[in-house]
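coords.tsv (TSV, C-alpha atoms and all ligand atoms)
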```
chain	number	residue	atom	x	y	z
C	89	MET	CA	-78.31	-24.96	33.91
C	90	SER	CA	-75.88	-24.37	31.11
C	91	THR	CA	-73.61	-21.49	30.33
C	92	GLU	CA	-73.15	-22.52	26.72
C	93	ALA	CA	-73.97	-19.69	24.36
C	94	SER	CA	-77.35	-20.05	22.70
C	95	SER	CA	-77.37	-21.18	19.08
C	96	THR	CA	-78.54	-17.80	17.84
C	97	GLN	CA	-75.59	-15.99	19.36
C	98	SER	CA	-71.93	-16.92	19.31
C	99	ALA	CA	-70.06	-16.80	22.59
C	100	ARG	CA	-68.87	-13.34	23.30
C	101	LEU	CA	-67.22	-11.26	25.85
C	102	THR	CA	-69.51	-9.12	28.01
C	103	VAL	CA	-68.04	-6.24	29.97
C	104	LEU	CA	-70.03	-4.98	32.95
C	105	ALA	CA	-69.10	-1.52	34.16
C	106	GLY	CA	-70.86	1.22	36.07
C	107	PRO	CA	-70.27	3.70	38.84
C	108	THR	CA	-68.81	2.77	42.17
C	109	ALA	CA	-71.28	1.27	44.68
C	110	VAL	CA	-73.96	0.72	42.03
C	111	GLY	CA	-73.96	-2.94	43.04
C	112	LYS	CA	-71.86	-4.59	40.33
C	113	GLY	CA	-70.35	-6.98	42.86
C	114	THR	CA	-73.78	-7.97	44.21
C	115	VAL	CA	-75.26	-8.56	40.77
C	116	VAL	CA	-72.23	-10.58	39.66
C	117	ALA	CA	-72.38	-12.63	42.89
C	118	GLU	CA	-76.05	-13.42	42.20
C	119	LEU	CA	-75.20	-14.35	38.61
C	120	ARG	CA	-72.49	-16.73	39.86
C	121	ARG	CA	-74.87	-18.22	42.40
C	122	ARG	CA	-77.40	-18.96	39.68
C	123	TYR	CA	-74.88	-20.04	37.06
C	124	PRO	CA	-71.82	-21.50	38.83
C	125	ASP	CA	-70.29	-22.51	35.49
C	126	LEU	CA	-70.28	-19.00	34.06
C	127	PHE	CA	-66.74	-17.75	33.56
C	128	VAL	CA	-66.19	-14.50	35.43
C	129	SER	CA	-62.69	-13.11	35.07
C	130	ILE	CA	-60.66	-12.72	38.25
C	131	SER	CA	-58.74	-9.46	38.06
C	132	ALA	CA	-55.28	-8.78	39.35
C	133	THR	CA	-54.96	-5.78	41.66
C	134	THR	CA	-52.30	-4.01	43.69
C	135	ARG	CA	-54.78	-2.97	46.39
C	136	ASN	CA	-54.82	-4.72	49.74
C	137	PRO	CA	-57.50	-7.33	50.42
C	138	ARG	CA	-60.55	-6.16	52.38
C	139	PRO	CA	-61.63	-8.32	55.31
C	140	GLY	CA	-63.08	-11.54	53.96
C	141	GLU	CA	-61.55	-11.24	50.50
C	142	VAL	CA	-59.67	-14.33	49.36
C	143	ASP	CA	-56.67	-14.28	47.03
C	144	GLY	CA	-57.45	-16.05	43.77
C	145	GLN	CA	-61.18	-15.87	44.42
C	146	HIS	CA	-62.09	-12.18	44.64
C	147	TYR	CA	-58.87	-10.92	43.08
C	148	HIS	CA	-55.33	-11.98	42.48
C	149	PHE	CA	-53.65	-9.67	44.99
C	150	VAL	CA	-50.24	-8.82	43.58
C	151	THR	CA	-47.41	-6.40	44.23
C	152	HIS	CA	-46.81	-3.40	41.96
C	153	GLU	CA	-43.78	-5.22	40.60
C	154	GLN	CA	-45.75	-8.38	39.77
C	155	PHE	CA	-48.47	-6.28	38.14
C	156	ASP	CA	-46.00	-4.34	36.00
C	157	ASP	CA	-44.36	-7.60	34.91
C	158	MET	CA	-47.71	-8.92	33.67
C	159	VAL	CA	-48.27	-5.71	31.69
C	160	THR	CA	-44.75	-5.82	30.22
C	161	HIS	CA	-45.24	-9.42	29.10
C	162	GLY	CA	-48.53	-8.58	27.38
C	163	ASP	CA	-50.49	-10.72	29.83
C	164	MET	CA	-53.19	-8.09	30.50
C	165	LEU	CA	-56.19	-7.73	28.21
C	166	GLU	CA	-56.68	-4.30	29.77
C	167	TRP	CA	-55.59	-2.52	32.90
C	168	ALA	CA	-56.18	0.80	34.61
C	169	VAL	CA	-55.40	2.85	37.67
C	170	VAL	CA	-58.74	3.04	39.48
C	171	HIS	CA	-59.73	5.89	41.81
C	172	GLY	CA	-56.29	7.40	41.18
C	173	GLN	CA	-54.72	4.82	43.45
C	174	ASN	CA	-54.27	1.16	42.66
C	175	LYS	CA	-53.84	-0.81	39.45
C	176	TYR	CA	-56.43	-3.33	38.35
C	177	GLY	CA	-56.19	-5.55	35.28
C	178	THR	CA	-57.72	-8.50	33.46
C	179	PRO	CA	-55.38	-11.44	32.88
C	180	ARG	CA	-55.74	-12.25	29.18
C	181	GLY	CA	-55.12	-16.03	29.10
C	182	PRO	CA	-58.20	-17.32	30.94
C	183	VAL	CA	-60.55	-15.04	28.95
C	184	ASP	CA	-59.09	-16.09	25.60
C	185	ALA	CA	-59.30	-19.76	26.57
C	186	GLU	CA	-62.96	-19.49	27.53
C	187	LEU	CA	-64.01	-17.69	24.35
C	188	LYS	CA	-62.01	-20.15	22.25
C	189	GLU	CA	-64.08	-22.96	23.77
C	190	GLY	CA	-67.25	-21.19	22.67
C	191	ARG	CA	-68.30	-20.17	26.15
C	192	PRO	CA	-69.31	-16.65	27.18
C	193	ALA	CA	-67.08	-14.67	29.49
C	194	LEU	CA	-67.86	-11.78	31.82
C	195	LEU	CA	-65.59	-8.98	33.00
C	196	GLU	CA	-66.51	-6.59	35.80
C	197	ILE	CA	-64.16	-3.65	35.35
C	198	ASP	CA	-64.00	0.14	35.35
C	199	LEU	CA	-64.82	2.53	32.51
C	200	ASP	CA	-61.24	2.91	31.35
C	201	GLY	CA	-60.88	-0.83	31.09
C	202	ALA	CA	-64.21	-1.19	29.28
C	203	ARG	CA	-63.03	1.29	26.64
C	204	GLN	CA	-59.76	-0.60	26.17
C	205	VAL	CA	-61.61	-3.90	25.70
C	206	LYS	CA	-63.96	-2.36	23.12
C	207	LYS	CA	-60.96	-1.08	21.18
C	208	ALA	CA	-59.14	-4.41	21.29
C	209	MET	CA	-62.28	-6.52	20.73
C	210	PRO	CA	-65.02	-4.51	19.00
C	211	GLU	CA	-67.32	-7.53	19.14
C	212	ALA	CA	-67.39	-7.31	22.94
C	213	GLN	CA	-70.67	-6.15	24.44
C	214	LEU	CA	-70.43	-3.29	26.94
C	215	VAL	CA	-73.15	-3.26	29.59
C	216	PHE	CA	-73.58	-0.28	31.91
C	217	LEU	CA	-75.10	-1.01	35.31
C	218	ALA	CA	-76.87	2.18	36.38
C	219	PRO	CA	-78.41	3.18	39.73
C	220	PRO	CA	-82.11	4.11	39.79
C	221	SER	CA	-80.95	7.67	40.66
C	222	TRP	CA	-77.86	9.64	41.75
C	223	ASP	CA	-79.20	9.97	45.32
C	224	GLU	CA	-79.62	6.23	45.52
C	225	LEU	CA	-76.00	5.78	44.45
C	226	VAL	CA	-74.78	8.11	47.21
C	227	ASN	CA	-76.95	6.22	49.74
C	228	ARG	CA	-75.44	2.90	48.66
C	229	LEU	CA	-71.90	4.19	48.95
C	230	VAL	CA	-72.46	5.66	52.42
C	231	GLY	CA	-74.46	2.60	53.54
C	232	ARG	CA	-71.69	0.21	52.52
C	233	GLY	CA	-69.43	1.80	55.11
C	234	THR	CA	-66.27	0.18	53.77
C	235	GLU	CA	-64.50	3.44	52.86
C	236	ASN	CA	-63.47	6.44	54.94
C	237	GLU	CA	-64.72	9.90	54.00
C	238	GLU	CA	-61.74	10.81	51.85
C	239	GLU	CA	-61.97	7.56	49.91
C	240	ARG	CA	-65.74	8.03	49.55
C	241	GLU	CA	-65.30	11.50	48.06
C	242	ARG	CA	-62.70	10.18	45.65
C	243	ARG	CA	-65.02	7.38	44.57
C	244	LEU	CA	-67.98	9.74	44.15
C	245	ALA	CA	-65.87	11.98	41.92
C	246	THR	CA	-65.06	8.95	39.76
C	247	ALA	CA	-68.73	7.93	39.76
C	248	ARG	CA	-69.79	11.33	38.40
C	249	VAL	CA	-67.45	10.91	35.45
C	250	GLU	CA	-68.56	7.32	34.93
C	251	MET	CA	-72.26	8.25	34.88
C	252	ASN	CA	-71.58	10.63	31.98
C	253	ALA	CA	-70.16	7.81	29.87
C	254	VAL	CA	-73.39	5.83	29.69
C	255	HIS	CA	-73.87	6.65	25.99
C	256	GLU	CA	-70.65	4.77	25.13
C	257	PHE	CA	-72.25	1.47	26.17
C	258	ASP	CA	-74.18	-1.03	24.06
C	259	GLN	CA	-76.71	-1.79	26.81
C	260	VAL	CA	-77.91	-0.21	30.05
C	261	VAL	CA	-79.26	-2.28	32.94
C	262	ILE	CA	-80.82	-0.42	35.87
C	263	ASN	CA	-79.98	-2.01	39.20
C	264	ASP	CA	-83.35	-1.43	40.85
C	265	THR	CA	-83.52	-4.92	42.31
C	266	VAL	CA	-80.72	-7.45	42.21
C	267	ALA	CA	-83.00	-10.25	40.95
C	268	ARG	CA	-84.35	-8.22	38.05
C	269	ALA	CA	-80.99	-6.75	37.05
C	270	THR	CA	-79.49	-10.26	37.16
C	271	ASP	CA	-82.26	-11.62	34.90
C	272	GLU	CA	-81.54	-8.90	32.38
C	273	LEU	CA	-77.78	-9.35	32.48
C	274	ALA	CA	-78.06	-13.14	32.09
C	275	ALA	CA	-80.21	-12.62	29.00
C	276	LEU	CA	-77.68	-10.17	27.53
C	277	ILE	CA	-74.80	-12.56	28.18
C	278	GLY	CA	-76.81	-15.17	26.31
C	279	ILE	CA	-76.90	-17.78	29.04
C	280	THR	CA	-79.31	-20.57	28.18
C	281	ARG	CA	-81.21	-22.35	30.91
C	301	LIG	P1	-62.80	-2.45	44.38
C	301	LIG	O1	-61.52	-1.86	44.89
C	301	LIG	O2	-64.01	-1.82	45.04
C	301	LIG	O3	-62.83	-3.96	44.43
C	301	LIG	O4	-62.90	-2.10	42.84
C	301	LIG	C1	-62.73	-0.80	42.43
C	301	LIG	C2	-63.01	-0.69	40.95
C	301	LIG	O5	-62.05	-1.44	40.19
C	301	LIG	C3	-64.36	-1.19	40.48
C	301	LIG	O6	-64.99	-0.13	39.80
C	301	LIG	C4	-64.06	-2.31	39.55
C	301	LIG	O7	-64.97	-2.35	38.48
C	301	LIG	C5	-62.68	-1.96	39.05
C	301	LIG	N1	-61.97	-3.13	38.57
C	301	LIG	C6	-61.92	-4.34	39.15
C	301	LIG	N2	-61.17	-5.17	38.42
C	301	LIG	C7	-60.75	-4.48	37.34
C	301	LIG	C8	-59.93	-4.81	36.20
C	301	LIG	O8	-59.47	-5.92	36.02
C	301	LIG	N3	-59.70	-3.81	35.31
C	301	LIG	C9	-60.21	-2.57	35.45
C	301	LIG	N4	-59.94	-1.68	34.50
C	301	LIG	N5	-60.97	-2.23	36.51
C	301	LIG	C10	-61.24	-3.16	37.44
```

Represent the supplied structure as structure tokens.
Amino acid sequence: MSTEASSTQSARLTVLAGPTAVGKGTVVAELRRRYPDLFVSISATTRNPRPGEVDGQHYHFVTHEQFDDMVTHGDMLEWAVVHGQNKYGTPRGPVDAELKEGRPALLEIDLDGARQVKKAMPEAQLVFLAPPSWDELVNRLVGRGTENEEERERRLATARVEMNAVHEFDQVVINDTVARATDELAALIGITR
């Protein structure tokens, strides 16, 4: 399997965003499983690792000071405060390097970040991962059980805002099943088999 861009489409940056708990992480994990060579940006974040999360693999876990230094030095392609709490950002260097080599790159970031990328790189493709319904989104968030009630409420409030931004995106993929949503996303990224 190759992650070279197909000949009909030059390598481009794809940004995957969507409301909290819609399953972005699961779809991206499936994409990586199928296409281990696909470049998926590893974000920097000031939040603490969850159990099982590995530094440099899931995120670069950094202090607020380290994060602010990266921003000051222009090392972030985009960054945002997510859920009114922690900072998350995309280190610019690895993304630029990948695109320069003609290979597609994928970012999984929040709405704010997606907007910043579109402004900086209008050729980027914004893909919105949507739940089959609002009720299903609430079920997924509660079912995940990784947040306490206060955190859940905060994330649902963000999700409501994010759902209303769907029209800003170039493509919408409904996450009804992981396999189908992954097929669709792979096609949009332009991965050739
Ligand atoms: P979590 O804390 O659940 O891992 O992620 C919370 C949110 O942060 C998700 O909606 C995710 O898309 C967003 N996020 C992760 N990395 C980045 C990033 O580099 N930039 C921005 N803007 N958002 C990010």

Using only C-alpha atoms and all ligand atoms, tabulate the residues of chain C lying at most 9 Å from any atom of ligand LIG 301 (chain C), each with its closest atom pair and that distance in Å to one decimal, by chain and increasing residue number, as a Markdown table.
```
| residue | atom | partner | partner_atom | distance |
| --- | --- | --- | --- | --- |
| C:Leu104 | CA | C:LIG301 | O7 | 7.9 |
| C:Ala105 | CA | C:LIG301 | O7 | 6.0 |
| C:Gly106 | CA | C:LIG301 | O6 | 7.1 |
| C:Pro107 | CA | C:LIG301 | O6 | 6.6 |
| C:Thr108 | CA | C:LIG301 | O6 | 5.3 |
| C:Ala109 | CA | C:LIG301 | O2 | 7.9 |
| C:Lys112 | CA | C:LIG301 | O7 | 7.5 |
| C:Gly113 | CA | C:LIG301 | O3 | 8.3 |
| C:Ser129 | CA | C:LIG301 | O8 | 7.9 |
| C:Ile130 | CA | C:LIG301 | O8 | 7.3 |
| C:Ser131 | CA | C:LIG301 | O8 | 4.2 |
| C:Ala132 | CA | C:LIG301 | O8 | 6.1 |
| C:Thr133 | CA | C:LIG301 | N2 | 7.0 |
| C:Arg135 | CA | C:LIG301 | O1 | 7.0 |
| C:Asn136 | CA | C:LIG301 | O1 | 8.8 |
| C:Pro137 | CA | C:LIG301 | O3 | 8.7 |
| C:Arg138 | CA | C:LIG301 | O3 | 8.6 |
| C:His146 | CA | C:LIG301 | O3 | 8.3 |
| C:Tyr147 | CA | C:LIG301 | N2 | 7.8 |
| C:Met164 | CA | C:LIG301 | O8 | 8.6 |
| C:Leu165 | CA | C:LIG301 | O8 | 8.7 |
| C:Glu166 | CA | C:LIG301 | N4 | 6.3 |
| C:Trp167 | CA | C:LIG301 | N4 | 4.7 |
| C:Ala168 | CA | C:LIG301 | N4 | 4.5 |
| C:Val169 | CA | C:LIG301 | N4 | 7.2 |
| C:Val170 | CA | C:LIG301 | O5 | 5.6 |
| C:His171 | CA | C:LIG301 | C1 | 7.4 |
| C:Asn174 | CA | C:LIG301 | O1 | 8.2 |
| C:Lys175 | CA | C:LIG301 | C9 | 7.7 |
| C:Tyr176 | CA | C:LIG301 | C8 | 4.4 |
| C:Gly177 | CA | C:LIG301 | O8 | 3.4 |
| C:Thr178 | CA | C:LIG301 | O8 | 4.0 |
| C:Pro179 | CA | C:LIG301 | O8 | 7.6 |
| C:Leu195 | CA | C:LIG301 | O8 | 7.5 |
| C:Glu196 | CA | C:LIG301 | O7 | 5.2 |
| C:Ile197 | CA | C:LIG301 | O7 | 3.5 |
| C:Asp198 | CA | C:LIG301 | N5 | 4.0 |
| C:Leu199 | CA | C:LIG301 | N4 | 6.7 |
| C:Asp200 | CA | C:LIG301 | N4 | 5.7 |
| C:Gly201 | CA | C:LIG301 | N4 | 3.6 |
| C:Ala202 | CA | C:LIG301 | N4 | 6.8 |
| C:Arg203 | CA | C:LIG301 | N4 | 9.0 |
| C:Gln204 | CA | C:LIG301 | N4 | 8.4 |
| C:Arg243 | CA | C:LIG301 | C1 | 8.8 |
| C:Ala247 | CA | C:LIG301 | O6 | 8.9 |
```

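We find CA of Val110 (chain C) and CA of Pro219 (chain C) to be spaced 5.6 Å apart.
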
Quick one: residues within 7 Å of region 251-266 of chain C, all atoms listed in the file, excluding same-chain residues fewer than 6 positions away - as a compact mmCIF listing (two decimals) with C-alpha atoms, in the coordinates of the input?
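The file below, result.txt, is the result:
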```
# COMPACT_ATOMS: atom_id res chain seq x y z
CA PRO C 107 -70.27 3.70 38.84
CA VAL C 115 -75.26 -8.56 40.77
CA GLN C 213 -70.67 -6.15 24.44
CA LEU C 214 -70.43 -3.29 26.94
CA VAL C 215 -73.15 -3.26 29.59
CA PHE C 216 -73.58 -0.28 31.91
CA LEU C 217 -75.10 -1.01 35.31
CA ALA C 218 -76.87 2.18 36.38
CA PRO C 219 -78.41 3.18 39.73
CA PRO C 220 -82.11 4.11 39.79
```

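In this model, the gap between CA of Lys207 (chain C) and CA of Val183 (chain C) comes to 16.0 Å.
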
Find the residues around Val226 (chain C) up to 8 Å (all atoms listed in the file counted), leave out those fewer than 4 positions away in its own chain, and share them as a PyMOL selection string. chain C and resi 222+230+244

Resulting file, chosen residues, C-alpha atoms, as a tab-separated table (two decimals), keeping the file's coordinate frame:
```tsv
chain	number	residue	atom	x	y	z
C	222	TRP	CA	-77.86	9.64	41.75
C	230	VAL	CA	-72.46	5.66	52.42
C	244	LEU	CA	-67.98	9.74	44.15
```

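Put simply, CA of Val150 (chain C) is 17.5 Å away from CA of Gly172 (chain C).
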